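First the structure, in the form of structure tokens, and then the observations on it.
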Amino acid sequence: MKTFKFYAIALFFCTFLTYPLVGQDLDSTIEPRERLSLVTMQGTVTDIVKETRDVTLKGANGELITVTAGPEVKRFDEIAVGDVITFDYYTYLKAEFRTPTSEEKAEPFVVLEGEDKAPAGEAPAGAVGAMVKAIVTIEILNRPQMLATVEGPNGNYLTIPMQDAAFMEQLHIGQVVILTYAEAVAVSLTKVE
């Protein structure tokens with residue numbers, strides 16, 4: 001009887017201790033996800049850098065976002081700090097669920113070159129700005145609100161709206177993700193009168 005209890009306890013601990021390793025193996029079975037989205041927001045201009053056409057806006061919930069006004073924005077010079085504007089911008093996101101390569105571990109945050117500016121076959125191809133690729137870790141999974149928050153290699157956070165509840169169930173806290181994302185490029189900026 002003591003032998004049975006010993007084996008049962010040993011089996012329990014072996015299972016418990018190797019569970020995270022099994023979970024990591026499952027990560028590689030998750031297919032990469034890629035998304036180009038048009039987002040419409042309203043915010044108050046808090047800063048403008050005319051040379052780079054960067055505009056920082058404060059949203060209704062206090063969130064800050066910096067967008068680069070694309071060439072489509074013709075009346076850029078009319079925008080001033082304090083203006084309330086409605087703006088459209090594109091975001092690009094690609095998530096790969098795999099173990100980082102040794103090169104990625106050596107450089108966990110990389111700015112990619114211009115040829116990686118948009119996903120193949122997605123239009124409009126020139127709608128996103130500079131691309132970055134980073135090793136991130138899932139820190140928060142808010143399943144009721146369909147939000148996933150990741151922490152980047154520099155300690156910065158990014159909250160990503162999710163669209164697929166079944167897919168979100170495959171994710172777990174502490175999971176490492178190779179995330180490629182684009183800085184936003186505004187395709188319209190309109191003053192709210």
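Identifiers in this document derive from the order of the structure tokens: chains are assigned A, B, ..., residues are numbered from 1 separately in each chain, and ligands are numbered from 1 in order of occurrence.
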For Thr52 in chain A: contacts at 9 Å, only C-alpha atoms, fewer than 4 positions along chain excluded, given as a PyMOL selection string: chain A and resi 48+68-69
Can you write just those residues out, C-alpha atoms, as a PDB file, in the first residue's frame?
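Saved result, out.pdb, follows:
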ATOM      1  CA  ILE A  48       2.855  67.619 -32.975  1.00  0.00           C
ATOM      2  CA  THR A  68       2.261  59.570 -38.343  1.00  0.00           C
ATOM      3  CA  ALA A  69       0.140  61.584 -40.753  1.00  0.00           C
TER       4      ALA A  69
END
Identify all residues of range 30-153 of chain A in strand (DSSP E) (DSSP on the backbone) and supply them as a ChimeraX atom specification. /A:33-49,54-59,64-69,84-96,109-111,131-142,147-151
Contacts of range 131-141 of chain A within 7 Å, only C-alpha atoms, excl. fewer than 2 positions in-chain, as number ranges by chain: A: 108-112, 116-117, 129, 143, 147-153, 173-183
Could you check the closest approach to Glu34 in chain A for each of A:Leu171, A:Ile85, A:Ala106, A:Ala95 and tell me which residue wins, using only C-alpha atoms?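 Selected residue with least distance to Glu34 in chain A: A:Ala95.
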Which of these, A:Phe97, A:Phe167, A:Tyr89, A:Tyr157, has the shortest distance to Glu31 in chain A once you count only C-alpha atoms? A:Phe97
Could you tell me how far CA of Gln163 in chain A sits from CA of Asp54 in chain A, in Å to one decimal place?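 Between CA of Asp54 in chain A and CA of Gln163 in chain A the gap works out to 28.6 Å.
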Could you give me, as a VMD selection string, the residues within 9 Å of Ala80 in chain A, counting only C-alpha atoms and dropping anything in the same chain fewer than 5 positions from it? chain A and resid 45 to 48
Mind checking which residues fall within 8 Å of range 189-192 of chain A, counting only C-alpha atoms, ignoring those fewer than 6 positions away in the same chain, and posting them as a list in words?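 So, after excluding close chain neighbours, the residues are Ala69, Val73, Phe76, Ile79, Asp83, Val84, Ile85, Thr86, Phe87 and Asp88 of chain A.
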What is the distance, in Å and to one decimal place, between CA of Pro32 in chain A and CA of Glu103 in chain A? 19.2 Å
With a distance cut-off of 10 Å and only C-alpha atoms, select the neighbouring residues of Pro71 in chain A, excluding the residue or stretch itself and same-chain residues fewer than 5 positions from it, and output the selection as a PyMOL selection string. chain A and resi 53+76+185-188
What does the file look like for those residues with C-alpha atoms, as a PDB file, in the first residue's frame?
ATOM      1  CA  ARG A  53       4.379  64.495 -39.208  1.00  0.00           C
ATOM      2  CA  PHE A  76      -1.835  68.686 -41.730  1.00  0.00           C
ATOM      3  CA  VAL A 185       0.039  55.777 -40.087  1.00  0.00           C
ATOM      4  CA  ALA A 186      -2.966  58.099 -40.098  1.00  0.00           C
ATOM      5  CA  VAL A 187      -4.802  58.241 -43.389  1.00  0.00           C
ATOM      6  CA  SER A 188      -7.185  60.980 -42.217  1.00  0.00           C
TER       7      SER A 188
END
Go through A:Ala165, A:Leu158, A:Ile30, A:Ala130 one by one, measure the shortest atom-to-atom distance of each to Met146 in chain A using only C-alpha atoms, and give the residue with the smallest value.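 Closest residue, counting only C-alpha atoms: A:Ala165.
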What does the distance from CA of Pro100 in chain A to CA of Pro161 in chain A come to in Å, to one decimal?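 Between CA of Pro100 in chain A and CA of Pro161 in chain A the gap is 23.5 Å.
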